[in-house]
file my_file22.txt (compact mmCIF, C-alpha atoms)
# COMPACT_ATOMS: atom_id res chain seq x y z
CA MET B 58 109.30 52.43 -48.67
CA PRO B 59 110.67 49.36 -46.96
CA ILE B 60 107.37 47.55 -46.60
CA ALA B 61 107.34 43.78 -46.77
CA THR B 62 106.34 42.50 -50.19
CA GLY B 63 104.19 39.53 -51.12
CA THR B 64 100.50 38.87 -50.68
CA ALA B 65 98.33 40.89 -48.37
CA ALA B 66 98.66 38.42 -45.56
CA ALA B 67 97.69 40.00 -42.27
CA GLY B 68 100.37 40.73 -39.72
CA ILE B 69 103.41 40.73 -41.99
CA VAL B 70 106.39 42.05 -40.09
CA GLY B 71 108.41 44.58 -42.04
CA ARG B 72 111.95 45.80 -41.56
CA ALA B 73 112.86 47.40 -38.27
CA ARG B 74 109.79 46.08 -36.49
CA GLY B 75 107.46 48.12 -38.69
CA VAL B 76 104.30 46.06 -38.55
CA VAL B 77 102.40 45.99 -41.81
CA THR B 78 98.69 45.39 -41.91
CA GLY B 79 96.97 45.29 -45.28
CA GLY B 80 99.85 47.16 -46.88
CA HIS B 81 100.04 49.94 -44.26
CA ARG B 82 102.20 50.12 -41.19
CA THR B 83 100.43 50.57 -37.92
CA SER B 84 101.24 53.70 -35.99
CA SER B 85 103.11 51.79 -33.28
CA GLY B 86 105.08 49.94 -35.94
CA LEU B 87 106.04 53.23 -37.58
CA ILE B 88 107.15 54.69 -34.28
CA ALA B 89 109.28 51.68 -33.43
CA ALA B 90 110.86 51.70 -36.88
CA ALA B 91 111.52 55.45 -36.69
CA ILE B 92 113.22 55.07 -33.33
CA GLU B 93 115.49 52.48 -34.85
CA GLY B 94 116.52 54.85 -37.62
CA ASP B 95 114.13 54.03 -40.47
CA ARG B 96 113.95 57.34 -42.38
CA ASP B 97 110.89 56.41 -44.42
CA ALA B 98 109.05 55.49 -41.25
CA LEU B 99 110.00 58.78 -39.66
CA ARG B 100 108.79 60.74 -42.67
CA ASP B 101 105.47 58.88 -42.69
CA LEU B 102 105.13 59.36 -38.98
CA TRP B 103 105.72 63.08 -39.29
CA ARG B 104 103.14 63.43 -42.05
CA GLN B 105 100.58 61.68 -39.85
CA HIS B 106 101.12 63.98 -36.93
CA ARG B 107 102.34 67.37 -38.19
CA ARG B 108 98.88 68.90 -38.42
CA TRP B 109 98.08 68.54 -34.76
CA VAL B 110 101.64 69.66 -33.99
CA GLY B 111 100.62 72.86 -35.78
CA ALA B 112 97.63 73.21 -33.44
CA ILE B 113 99.79 72.71 -30.33
CA VAL B 114 102.21 75.34 -31.61
CA LEU B 115 99.24 77.62 -32.22
CA ALA B 116 98.06 77.08 -28.65
CA HIS B 117 101.38 78.21 -27.17
CA LYS B 118 103.07 80.58 -29.60
CA PRO B 119 103.11 84.36 -29.25
CA ARG B 120 100.95 86.04 -31.84
CA GLU B 121 103.79 87.31 -33.99
CA ALA B 122 105.62 83.99 -34.22
CA ASP B 123 105.25 82.06 -37.45
CA VAL B 124 103.57 78.65 -37.27
CA GLU B 125 105.56 77.23 -40.16
CA ASP B 126 108.90 78.29 -38.66
CA LEU B 127 107.99 76.78 -35.32
CA VAL B 128 106.71 73.53 -36.83
CA GLN B 129 109.96 73.38 -38.78
CA ALA B 130 111.86 73.72 -35.52
CA VAL B 131 109.76 70.92 -34.01
CA ALA B 132 110.61 68.73 -37.01
CA VAL B 133 114.29 69.38 -36.46
CA GLN B 134 113.95 68.33 -32.83
CA LEU B 135 112.05 65.22 -33.87
CA VAL B 136 114.81 64.15 -36.23
CA ALA B 137 117.52 64.92 -33.72
CA LYS B 138 115.91 63.24 -30.71
CA ILE B 139 113.68 60.41 -31.92
CA HIS B 140 116.34 57.86 -31.10
CA GLU B 141 116.21 58.96 -27.47
CA LEU B 142 112.57 57.93 -27.14
CA ARG B 143 112.44 54.78 -25.01
CA GLU B 144 108.74 53.95 -25.09
CA PRO B 145 106.98 54.10 -28.48
CA GLU B 146 103.59 54.49 -26.77
CA ALA B 147 104.83 57.76 -25.27
CA PHE B 148 105.48 59.22 -28.73
CA LYS B 149 102.48 61.54 -28.94
CA PRO B 150 102.87 63.18 -25.49
CA TRP B 151 106.60 63.41 -26.17
CA LEU B 152 106.06 65.19 -29.50
CA ARG B 153 103.41 67.39 -27.92
CA ALA B 154 105.91 68.46 -25.22
CA ILE B 155 108.49 69.33 -27.88
CA ALA B 156 105.94 71.40 -29.78
CA ALA B 157 104.73 73.24 -26.67
CA ASN B 158 108.25 73.97 -25.46
CA THR B 159 109.39 75.16 -28.89
CA ALA B 160 106.45 77.54 -29.15
CA ARG B 161 106.95 78.85 -25.61
CA ALA B 162 110.66 79.37 -26.23
CA SER B 163 109.86 81.54 -29.24
CA GLY B 164 107.98 83.86 -26.87
CA ARG B 165 111.17 84.63 -25.02
CA LYS B 166 112.52 86.26 -28.17
CA THR B 167 109.51 88.53 -28.47
CA THR B 168 111.01 91.56 -26.79
CA ARG B 169 114.05 91.49 -29.00
CA ARG B 170 111.98 91.07 -32.17
CA ARG B 171 109.72 93.95 -31.28
CA LYS B 172 112.64 96.27 -31.76
CA HIS B 173 112.80 95.25 -35.40
CA ARG B 174 109.53 96.52 -36.71
CA LEU B 175 109.05 96.16 -40.41
CA LYS B 176 109.67 99.42 -42.22
CA LEU B 177 108.65 99.63 -45.88
CA VAL B 178 108.95 102.25 -48.58
CA GLY B 179 107.14 102.48 -51.89
CA VAL B 180 103.51 102.13 -52.92
CA ALA B 181 101.72 98.86 -53.49
CA ARG B 182 98.97 98.67 -56.09
CA ALA B 183 95.75 97.11 -54.86
CA VAL B 184 94.91 94.06 -56.97
CA GLU B 185 91.50 93.26 -55.60
CA PRO B 186 88.93 93.20 -58.47
CA ASP B 187 85.89 95.48 -57.97
CA HIS B 188 83.27 92.84 -58.64
CA ALA B 189 84.64 90.70 -55.83
CA ALA B 190 84.89 93.54 -53.33
CA ALA B 191 81.53 92.95 -51.64
CA GLU B 192 82.09 89.24 -51.36
CA ALA B 193 85.59 89.81 -50.06
CA HIS B 194 84.22 92.23 -47.47
CA ALA B 195 81.71 89.65 -46.21
CA GLN B 196 84.41 86.99 -46.10
CA LYS B 197 86.67 89.33 -44.23
CA GLU B 198 84.03 90.06 -41.58
CA SER B 199 83.41 86.37 -41.14
CA MET B 200 87.11 85.65 -40.87
CA ASP B 201 87.57 88.53 -38.46
CA GLN B 202 85.03 86.92 -36.17
CA ALA B 203 86.68 83.50 -36.53
CA ARG B 204 90.11 84.94 -35.84
CA ARG B 205 88.80 86.85 -32.84
CA LEU B 206 87.44 83.60 -31.42
CA MET B 207 90.79 81.90 -31.99
CA ASP B 208 92.62 84.76 -30.27
CA LEU B 209 90.26 84.44 -27.32
CA ALA B 210 90.73 80.67 -27.26
CA ARG B 211 94.48 81.20 -27.07
CA THR B 212 94.00 83.21 -23.87
CA LEU B 213 92.30 80.28 -22.10
CA PRO B 214 94.26 78.30 -19.51
CA GLU B 215 96.50 75.70 -21.14
CA GLY B 216 94.47 72.76 -19.90
CA TYR B 217 91.43 73.98 -21.85
CA ARG B 218 93.16 75.68 -24.75
CA GLU B 219 94.94 72.61 -26.07
CA PRO B 220 91.98 70.18 -26.27
CA LEU B 221 89.79 72.92 -27.71
CA LEU B 222 92.20 73.71 -30.54
CA LEU B 223 93.06 70.05 -31.17
CA ARG B 224 89.36 69.31 -31.58
CA CYS B 225 89.39 71.78 -34.48
CA VAL B 226 92.10 69.86 -36.34
CA ARG B 227 90.25 67.69 -38.81
CA GLY B 228 87.81 66.59 -36.15
CA MET B 229 90.27 64.75 -33.93
CA SER B 230 88.28 62.44 -31.67
CA TYR B 231 88.31 62.70 -27.89
CA ARG B 232 90.34 59.48 -27.82
CA GLN B 233 92.96 60.85 -30.24
CA ILE B 234 93.22 64.10 -28.27
CA GLY B 235 93.56 62.07 -25.07
CA GLU B 236 96.48 60.16 -26.59
CA VAL B 237 98.30 63.38 -27.41
CA LEU B 238 97.67 64.98 -24.02
CA ASP B 239 97.99 61.72 -22.10
CA LEU B 240 94.58 62.16 -20.49
CA PRO B 241 91.40 60.03 -20.32
CA GLU B 242 88.67 60.66 -22.89
CA THR B 243 86.23 61.75 -20.21
CA THR B 244 88.65 64.43 -19.04
CA ILE B 245 89.07 65.67 -22.59
CA GLU B 246 85.31 65.85 -23.04
CA THR B 247 84.87 67.81 -19.82
CA ARG B 248 87.67 70.21 -20.66
CA ILE B 249 86.30 70.89 -24.13
CA ALA B 250 82.87 71.55 -22.67
CA ARG B 251 84.25 73.89 -20.03
CA GLY B 252 86.61 75.52 -22.50
CA ARG B 253 83.71 76.34 -24.80
CA ARG B 254 81.76 77.86 -21.93
CA MET B 255 84.76 79.99 -20.93
CA LEU B 256 85.21 81.04 -24.55
CA ARG B 257 81.57 82.05 -24.81
CA GLU B 258 81.76 84.05 -21.63
CA LEU B 259 84.91 85.79 -22.79
CA ALA B 260 83.29 86.68 -26.13
CA GLU B 261 80.18 88.01 -24.37
CA ALA B 262 82.31 90.07 -22.01
CA GLU B 263 84.10 91.64 -24.96
CA ASN B 264 80.83 92.33 -26.75
CA THR B 265 79.45 94.21 -23.76
CA ASN B 266 82.74 95.96 -23.08
CA PRO B 267 84.70 96.65 -26.29
CA ALA B 268 87.52 98.15 -24.23
CA ARG B 269 88.37 94.63 -23.12
CA ALA B 270 88.78 93.57 -26.72
CA GLU B 271 91.02 96.54 -27.41
CA ALA B 272 93.07 95.81 -24.32
CA ARG B 273 93.48 92.18 -25.40
CA ALA B 274 94.43 93.20 -28.92
CA GLY B 275 96.91 95.67 -27.48
CA ARG B 276 98.50 92.99 -25.35
CA MET B 277 98.77 90.66 -28.29
CA GLU B 278 99.85 93.21 -30.84
CA VAL B 279 103.43 93.20 -32.02
CA MET F 106 95.58 70.10 -14.28
CA PRO F 107 94.24 73.20 -16.00
CA ASP F 108 95.61 76.49 -14.80
CA HIS F 109 92.21 77.59 -13.55
CA GLU F 110 89.10 75.58 -12.75
CA PRO F 111 85.92 77.47 -13.64
CA GLN F 112 83.21 77.54 -11.02
CA GLN F 113 80.31 75.51 -12.31
CA THR F 114 77.50 73.49 -10.77
CA PRO F 115 77.27 69.78 -11.70
CA GLU F 116 73.98 70.47 -13.53
CA SER F 117 75.51 73.27 -15.55
CA LEU F 118 78.52 71.11 -16.43
CA ALA F 119 76.28 68.21 -17.46
CA ARG F 120 74.38 70.55 -19.74
CA ASP F 121 77.60 71.84 -21.31
CA VAL F 122 78.92 68.31 -21.83
CA LEU F 123 75.68 67.35 -23.53
CA ILE F 124 75.89 70.32 -25.88
CA THR F 125 79.54 69.53 -26.56
CA ARG F 126 78.73 65.94 -27.48
CA VAL F 127 76.07 67.08 -29.93
CA VAL F 128 78.34 69.69 -31.50
CA ASP F 129 81.14 67.14 -31.85
CA GLY F 130 78.88 64.42 -33.27
CA GLU F 131 79.54 62.21 -30.25
CA ALA F 132 76.01 62.22 -28.81
CA SER F 133 74.34 58.86 -28.24
CA GLY F 134 70.62 58.11 -28.52
CA GLY F 135 70.36 58.57 -24.76
CA ASP F 136 72.05 61.95 -25.00
CA TRP F 137 69.52 63.11 -27.59
CA ARG F 138 66.61 61.98 -25.43
CA THR F 139 68.08 63.81 -22.45
CA LEU F 140 68.55 66.90 -24.58
CA ALA F 141 64.97 66.80 -25.81
CA GLY F 142 63.75 66.41 -22.21
CA MET F 143 65.80 69.38 -21.05
CA ALA F 144 64.69 71.51 -23.99
CA ALA F 145 61.03 70.89 -23.13
CA SER F 146 61.48 72.86 -19.94
CA ASP F 147 64.22 75.21 -21.14
CA GLN F 148 63.56 76.90 -24.48
CA THR F 149 66.96 78.55 -24.53
CA LEU F 150 68.73 75.21 -24.98
CA TRP F 151 68.26 75.02 -28.76
CA ALA F 152 69.50 78.57 -29.23
CA GLU F 153 72.50 77.78 -27.07
CA LEU F 154 73.17 74.65 -29.10
CA ALA F 155 73.00 76.60 -32.36
CA GLU F 156 75.34 79.22 -30.98
CA ALA F 157 77.80 76.58 -29.80
CA GLN F 158 77.73 74.91 -33.22
CA GLN F 159 78.38 78.20 -35.00
CA SER F 160 81.14 79.11 -32.61
CA HIS F 161 82.80 75.73 -33.09
CA ASP F 162 82.57 76.05 -36.89
CA GLU F 163 84.16 79.49 -36.82
CA LEU F 164 86.92 78.42 -34.47
CA THR F 165 87.58 75.35 -36.59
CA ARG F 166 87.91 77.50 -39.71
CA ALA F 167 90.38 79.84 -38.05
CA VAL F 168 92.45 77.01 -36.57
CA GLU F 169 92.48 75.11 -39.86
CA ILE F 170 93.81 78.16 -41.68
CA ALA F 171 96.31 79.07 -38.99
CA SER F 172 97.73 75.56 -38.63
CA ALA F 173 97.68 74.72 -42.35
CA PRO F 174 101.33 75.78 -42.89
CA ALA F 175 102.32 72.74 -40.81
CA GLU F 176 101.35 70.58 -43.78
CA SER F 177 104.12 72.08 -45.86
CA VAL F 178 106.89 71.11 -43.44
CA GLU F 179 108.63 68.01 -44.77
CA LEU F 180 111.32 66.01 -43.05
CA SER F 181 113.14 65.67 -46.36
CA ASP F 182 114.30 69.24 -45.79
CA ILE F 183 115.96 68.12 -42.60
CA ASP F 184 117.03 64.71 -43.82
CA ALA F 185 120.64 65.87 -43.95
CA HIS F 186 120.71 65.34 -40.18
CA LEU F 187 120.38 61.65 -40.82
CA ALA F 188 123.08 61.61 -43.48
CA PRO F 189 125.84 63.97 -42.37
CA ASN F 190 128.37 62.27 -44.63
CA ASN F 191 127.49 64.43 -47.60
CA PRO F 192 128.79 67.81 -46.51
CA MET F 193 127.76 69.92 -49.51
CA GLU F 194 124.21 68.60 -49.71
CA HIS F 195 124.08 68.70 -45.94
CA ARG F 196 124.86 72.39 -45.82
CA LEU F 197 122.57 73.34 -48.65
CA ALA F 198 119.66 71.32 -47.29
CA THR F 199 120.08 72.59 -43.79
CA VAL F 200 120.43 76.23 -44.60
CA GLY F 201 118.08 75.99 -47.57
CA LYS F 202 115.19 75.10 -45.28
CA TRP F 203 114.79 78.77 -44.63
CA GLY F 204 114.42 79.25 -48.35
CA GLY F 205 115.63 82.84 -48.51
CA TRP F 206 118.30 84.38 -50.62
CA ALA F 207 119.91 85.71 -47.49
CA ALA F 208 120.35 82.16 -46.25
CA ALA F 209 121.79 81.24 -49.63
CA ALA F 210 124.34 83.97 -49.19
CA CYS F 211 125.18 82.41 -45.86
CA VAL F 212 125.94 79.18 -47.65
CA ALA F 213 128.58 80.87 -49.71
CA LEU F 214 130.20 82.39 -46.66
CA LEU F 215 130.01 79.15 -44.80
CA TRP F 216 131.68 77.37 -47.66
CA ILE F 217 134.52 79.81 -47.68
CA THR F 218 135.05 79.67 -43.96
CA GLY F 219 134.39 75.96 -43.66
CA LEU F 220 131.89 76.32 -40.85
CA ASP F 221 129.33 73.63 -40.25
CA PRO F 222 125.94 75.31 -39.83
CA THR F 223 124.55 72.35 -37.93
CA ALA F 224 127.38 72.20 -35.44
CA GLY F 225 126.43 73.33 -31.98
CA PRO F 226 128.08 76.23 -30.18
CA ASN F 227 130.55 73.87 -28.55
CA ALA F 228 131.60 72.21 -31.78
CA ASP F 229 135.24 72.55 -32.70
CA THR F 230 134.83 74.53 -35.87
CA GLY F 231 137.59 77.05 -35.35
CA ASN F 232 135.03 79.81 -35.00
CA GLN F 233 133.24 80.09 -31.69
CA ALA F 234 130.50 82.29 -33.01
CA GLY F 235 129.47 80.22 -36.02
CA LEU F 236 127.09 81.62 -38.57
CA VAL F 237 123.97 79.55 -38.66
CA SER F 238 122.69 76.98 -36.23
CA ILE F 239 119.62 74.86 -36.18
CA GLY F 240 116.83 76.64 -34.41
CA ASP F 241 117.83 80.06 -35.69
CA THR F 242 115.15 82.07 -37.33
CA PRO F 243 115.69 83.53 -40.82
CA GLU F 244 116.18 86.90 -39.11
CA ASP F 245 118.89 85.46 -36.89
CA ALA F 246 120.57 83.87 -39.92
CA PHE F 247 120.40 87.14 -41.82
CA ASP F 248 121.88 89.12 -38.94
CA ARG F 249 124.72 86.65 -38.65
CA TYR F 250 125.32 86.92 -42.37
CA VAL F 251 125.58 90.71 -42.17
CA ARG F 252 127.86 90.63 -39.12
CA ALA F 253 130.15 87.97 -40.59
CA GLY F 254 130.24 89.80 -43.92
CA GLN F 255 131.18 93.04 -42.23
CA GLU F 256 133.97 91.29 -40.35
CA GLN F 257 135.28 89.86 -43.61
CA GLY F 258 134.74 93.10 -45.48
CA THR F 259 132.32 91.65 -48.01
CA VAL F 260 129.22 93.31 -46.56
CA VAL F 261 129.06 97.06 -46.05
CA ARG F 262 125.61 97.25 -44.47
CA GLU F 263 121.94 96.68 -45.10
CA ILE F 264 120.04 99.57 -46.66
CA PRO F 265 117.38 100.35 -44.00
CA ASP F 266 114.48 100.89 -46.40
CA ARG F 267 112.63 97.83 -47.57
CA VAL F 268 110.97 98.30 -50.93
CA VAL F 269 107.47 97.00 -51.54
CA TYR F 270 107.30 94.75 -54.59
CA ALA F 271 103.68 93.63 -54.34
CA ALA F 272 100.75 93.49 -51.92
CA ARG F 273 97.95 90.99 -52.19
CA PRO F 274 94.84 90.62 -49.99
CA LEU F 275 94.28 87.14 -48.60
CA GLU F 276 91.06 85.30 -47.88
CA THR F 277 91.90 85.52 -44.22
CA GLY F 278 91.63 89.31 -44.34
CA GLN F 279 95.34 89.74 -43.99
CA VAL F 280 97.64 91.15 -46.64
CA GLU F 281 100.61 89.36 -48.12
CA VAL F 282 103.42 91.83 -48.75
CA THR F 283 106.40 90.97 -50.89
CA TYR F 284 109.34 93.30 -50.55
CA LEU F 285 113.01 93.71 -51.28
CA ARG F 286 115.73 93.78 -48.67
CA GLN F 287 118.85 95.45 -49.95
CA VAL F 288 122.33 94.66 -48.82
CA LEU F 289 125.34 96.67 -49.87
CA GLU F 290 128.17 94.25 -50.57
CA ARG F 291 131.79 94.87 -51.54
CA ARG F 292 134.25 92.82 -53.54
CA ILE F 293 137.79 93.59 -54.71
CA VAL F 294 138.39 92.40 -58.27
CA ASP F 295 141.41 92.34 -60.59
CA GLU F 296 139.67 93.26 -63.83
CA THR F 297 136.37 94.74 -64.93
CA TYR F 298 134.37 94.17 -68.09
CA ARG F 299 131.31 95.65 -69.70
CA ARG F 300 128.86 93.90 -71.94
CA ALA F 301 128.66 94.97 -75.59
CA SER F 302 127.59 93.59 -78.98
CA ASP F 303 129.92 92.71 -81.83
CA GLU F 304 129.26 93.25 -85.53
CA TYR F 305 127.14 90.06 -85.64
CA GLY F 306 124.96 91.14 -82.71
CA ARG F 307 126.52 88.69 -80.34
CA THR F 308 127.04 89.68 -76.72
CA VAL F 309 130.70 90.05 -75.87
CA GLU F 310 132.57 91.16 -72.79
CA VAL F 311 134.89 94.09 -73.26
CA PRO F 312 137.60 94.94 -70.72
CA THR F 313 137.10 98.35 -69.19
CA ARG F 314 139.07 100.65 -67.01
CA VAL F 315 137.49 102.27 -63.99
CA ARG F 316 138.74 105.76 -63.43
CA ARG F 317 139.97 106.74 -60.03
CA ALA F 318 137.37 108.55 -57.98
CA PRO F 319 137.42 110.42 -54.69
CA PRO F 320 137.54 108.15 -51.65
CA SER F 321 134.36 106.19 -51.12
CA ALA F 322 131.84 107.39 -48.63
CA PHE F 323 132.00 103.94 -47.11
call {"tool": "encode", "arguments": {"input": "my_file22.txt", "output": "structure tokens"}}
result
Amino acid sequence: MPIATGTAAAGIVGRARGVVTGGHRTSSGLIAAAIEGDRDALRDLWRQHRRWVGAIVLAHKPREADVEDLVQAVAVQLVAKIHELREPEAFKPWLRAIAANTARASGRKTTRRRKHRLKLVGVARAVEPDHAAAEAHAQKESMDQARRLMDLARTLPEGYREPLLLRCVRGMSYRQIGEVLDLPETTIETRIARGRRMLRELAEAENTNPARAEARAGRMEV
Amino acid sequence: MPDHEPQQTPESLARDVLITRVVDGEASGGDWRTLAGMAASDQTLWAELAEAQQSHDELTRAVEIASAPAESVELSDIDAHLAPNNPMEHRLATVGKWGGWAAAACVALLWITGLDPTAGPNADTGNQAGLVSIGDTPEDAFDRYVRAGQEQGTVVREIPDRVVYAARPLETGQVEVTYLRQVLERRIVDETYRRASDEYGRTVEVPTRVRRAPPSAF
């Protein structure tokens, strides 16, 4: 890690404009260094941001697409294009756009992939221990409900879907979400509030009319 | 702008924002006082708050699980892009990011044909089609491997049936299935051997002769 050595003097300037404060580069310093080709800075930068990239991918991907594959594709784009970024402060919206576009592009391959349904032969032995069956059943019901909520959240309009899912990533603050989406904190707060109301209304509508849930599942099913 | 603005009165929106702040731990002292005042005249507020908290917790759990694979994506796997001067490591690292044996097979073919898997479609590689390019899925890479192998005569075809090796329930309620994909390959060799043991129990290779058989079904 090419961090400046010596005492912990504040404001030490590291290689490639990576500003070091108390032994850690600031985010803006990392971005500037990464743009200039510092590999360590780019790796650190990616580790700081990949989790919310996963949430953006989740907000835009078709159900059958794999999050890890798509995040991998975003990482490839990051490596290939970081040097094109002119303004370090635009890094987060820029990365968010790459993630959203990558996930959307994967949807265009859906039709072709649907032709290749997985066909298996042979018998698999269940390995679930009996004593854990009840607990596993309860966990499954709870997870089913959580997953159903997430599926519903992914049907919300983009402007509500993204802040709502980002808020679920390690408690990202309104300010941090605003930086990614390039929006004021107050707008983020309002959209999360409205998004939650829409989500609740969707869930209630499905509870009173299970056919809606089946229709949604059918639309999302591979 | 969002794709669709929900119809909501200012009072209703203010109430939702207040609940959201509480759920997200962003409520100020003034927010709590406002909430208590509203709850005094509207008994449903606490129930709504509890429901919103539970809903947020469930959604957070699902999103955390679904986005967790992002944590396993390392740039070191893609680092070869930054150091294209090491062709062998470059190829292995680039193709190896997919991690499958099928991709590994592609590496061998690539090495024989001298194609650069990271070169774009317009790159002057001597083969317009290429085999693997960045952005391909493992399925795409596998299909290219089969097609290229068939063209070269080293791959006959993939056996359609996929054989289950193991199935394991996950905490998420899903099932992880591990299975075999079988590819029929063909090679032409000069000599054949079989393994045997000598008088000391050591494994030795003994030349064998393969008898002529009727023409292959392939």
call {"tool": "closest_residue", "arguments": {"input": "my_file22.txt", "among": "F:Asp266, F:Asp147, F:Glu281, F:Asp136", "to": "chain B", "atoms": "all atoms listed in the file"}}
result
F:Asp266
call {"tool": "closest_residue", "arguments": {"input": "my_file22.txt", "among": "F:Asp162, F:Glu153, F:Asp241, F:Asp121", "to": "Arg224 in chain B", "atoms": "all atoms listed in the file"}}
result
F:Asp162
call {"tool": "atom_distance", "arguments": {"input": "my_file22.txt", "atom1": "CA of Ile113 in chain B", "atom2": "CA of Leu118 in chain F"}}
result
25.5 Å
call {"tool": "closest_residue", "arguments": {"input": "my_file22.txt", "among": "B:His106, B:Arg204, B:Arg218, B:Arg248", "to": "chain F", "atoms": "all atoms listed in the file"}}
result
B:Arg204
call {"tool": "atom_distance", "arguments": {"input": "my_file22.txt", "atom1": "CA of Gln257 in chain F", "atom2": "CA of Arg291 in chain F"}}
result
10.0 Å
call {"tool": "atom_distance", "arguments": {"input": "my_file22.txt", "atom1": "CA of Glu242 in chain B", "atom2": "CA of Ser230 in chain B"}}
result
9.0 Å
call {"tool": "build_atoms", "arguments": {"input": "my_file22.txt", "residues": "range 99-105 of chain B", "atoms": "all heavy atoms", "output": "short mmCIF file (atom, residue, chain, number, x, y, z; two decimals), in the coordinates of the input"}}
result
data_model
loop_
_atom_site.label_atom_id
_atom_site.label_comp_id
_atom_site.auth_asym_id
_atom_site.auth_seq_id
_atom_site.Cartn_x
_atom_site.Cartn_y
_atom_site.Cartn_z
N LEU B 99 110.03 57.49 -40.34
CA LEU B 99 110.00 58.78 -39.66
C LEU B 99 109.25 59.82 -40.50
O LEU B 99 108.47 60.61 -39.97
CB LEU B 99 111.44 59.25 -39.37
CG LEU B 99 111.56 60.51 -38.51
CD1 LEU B 99 110.87 60.33 -37.16
CD2 LEU B 99 113.03 60.87 -38.29
N ARG B 100 109.51 59.80 -41.80
CA ARG B 100 108.79 60.74 -42.67
C ARG B 100 107.29 60.48 -42.64
O ARG B 100 106.47 61.41 -42.53
CB ARG B 100 109.29 60.60 -44.11
CG ARG B 100 110.59 61.27 -44.37
CD ARG B 100 110.84 61.45 -45.86
NE ARG B 100 112.25 61.68 -46.07
CZ ARG B 100 113.11 60.72 -46.42
NH1 ARG B 100 112.69 59.50 -46.64
NH2 ARG B 100 114.38 61.00 -46.58
N ASP B 101 106.90 59.21 -42.73
CA ASP B 101 105.47 58.88 -42.69
C ASP B 101 104.85 59.28 -41.35
O ASP B 101 103.73 59.80 -41.30
CB ASP B 101 105.26 57.38 -42.93
CG ASP B 101 105.59 56.98 -44.36
OD1 ASP B 101 105.74 57.89 -45.20
OD2 ASP B 101 105.69 55.77 -44.63
N LEU B 102 105.60 59.03 -40.32
CA LEU B 102 105.13 59.36 -38.98
C LEU B 102 104.88 60.86 -38.85
O LEU B 102 103.86 61.31 -38.33
CB LEU B 102 106.20 58.91 -37.97
CG LEU B 102 105.80 58.83 -36.51
CD1 LEU B 102 104.67 57.83 -36.30
CD2 LEU B 102 107.00 58.44 -35.66
N TRP B 103 105.84 61.62 -39.34
CA TRP B 103 105.72 63.08 -39.29
C TRP B 103 104.50 63.54 -40.06
O TRP B 103 103.74 64.39 -39.59
CB TRP B 103 106.99 63.70 -39.83
CG TRP B 103 106.89 65.20 -39.99
CD1 TRP B 103 106.89 65.91 -41.15
CD2 TRP B 103 106.78 66.17 -38.94
NE1 TRP B 103 106.77 67.24 -40.89
CE2 TRP B 103 106.71 67.44 -39.54
CE3 TRP B 103 106.73 66.08 -37.54
CZ2 TRP B 103 106.60 68.61 -38.80
CZ3 TRP B 103 106.61 67.25 -36.81
CH2 TRP B 103 106.54 68.49 -37.45
N ARG B 104 104.29 62.99 -41.24
CA ARG B 104 103.14 63.43 -42.05
C ARG B 104 101.83 63.12 -41.34
O ARG B 104 100.85 63.84 -41.52
CB ARG B 104 103.19 62.76 -43.42
CG ARG B 104 104.23 63.39 -44.31
CD ARG B 104 104.37 62.67 -45.63
NE ARG B 104 105.45 63.26 -46.41
CZ ARG B 104 106.09 62.62 -47.35
NH1 ARG B 104 105.78 61.37 -47.65
NH2 ARG B 104 107.05 63.21 -48.02
N GLN B 105 101.81 62.04 -40.57
CA GLN B 105 100.58 61.68 -39.85
C GLN B 105 100.28 62.65 -38.71
O GLN B 105 99.12 62.83 -38.34
CB GLN B 105 100.70 60.27 -39.27
CG GLN B 105 100.54 59.16 -40.27
CD GLN B 105 100.67 57.79 -39.62
OE1 GLN B 105 100.63 57.66 -38.40
NE2 GLN B 105 100.84 56.77 -40.44
#
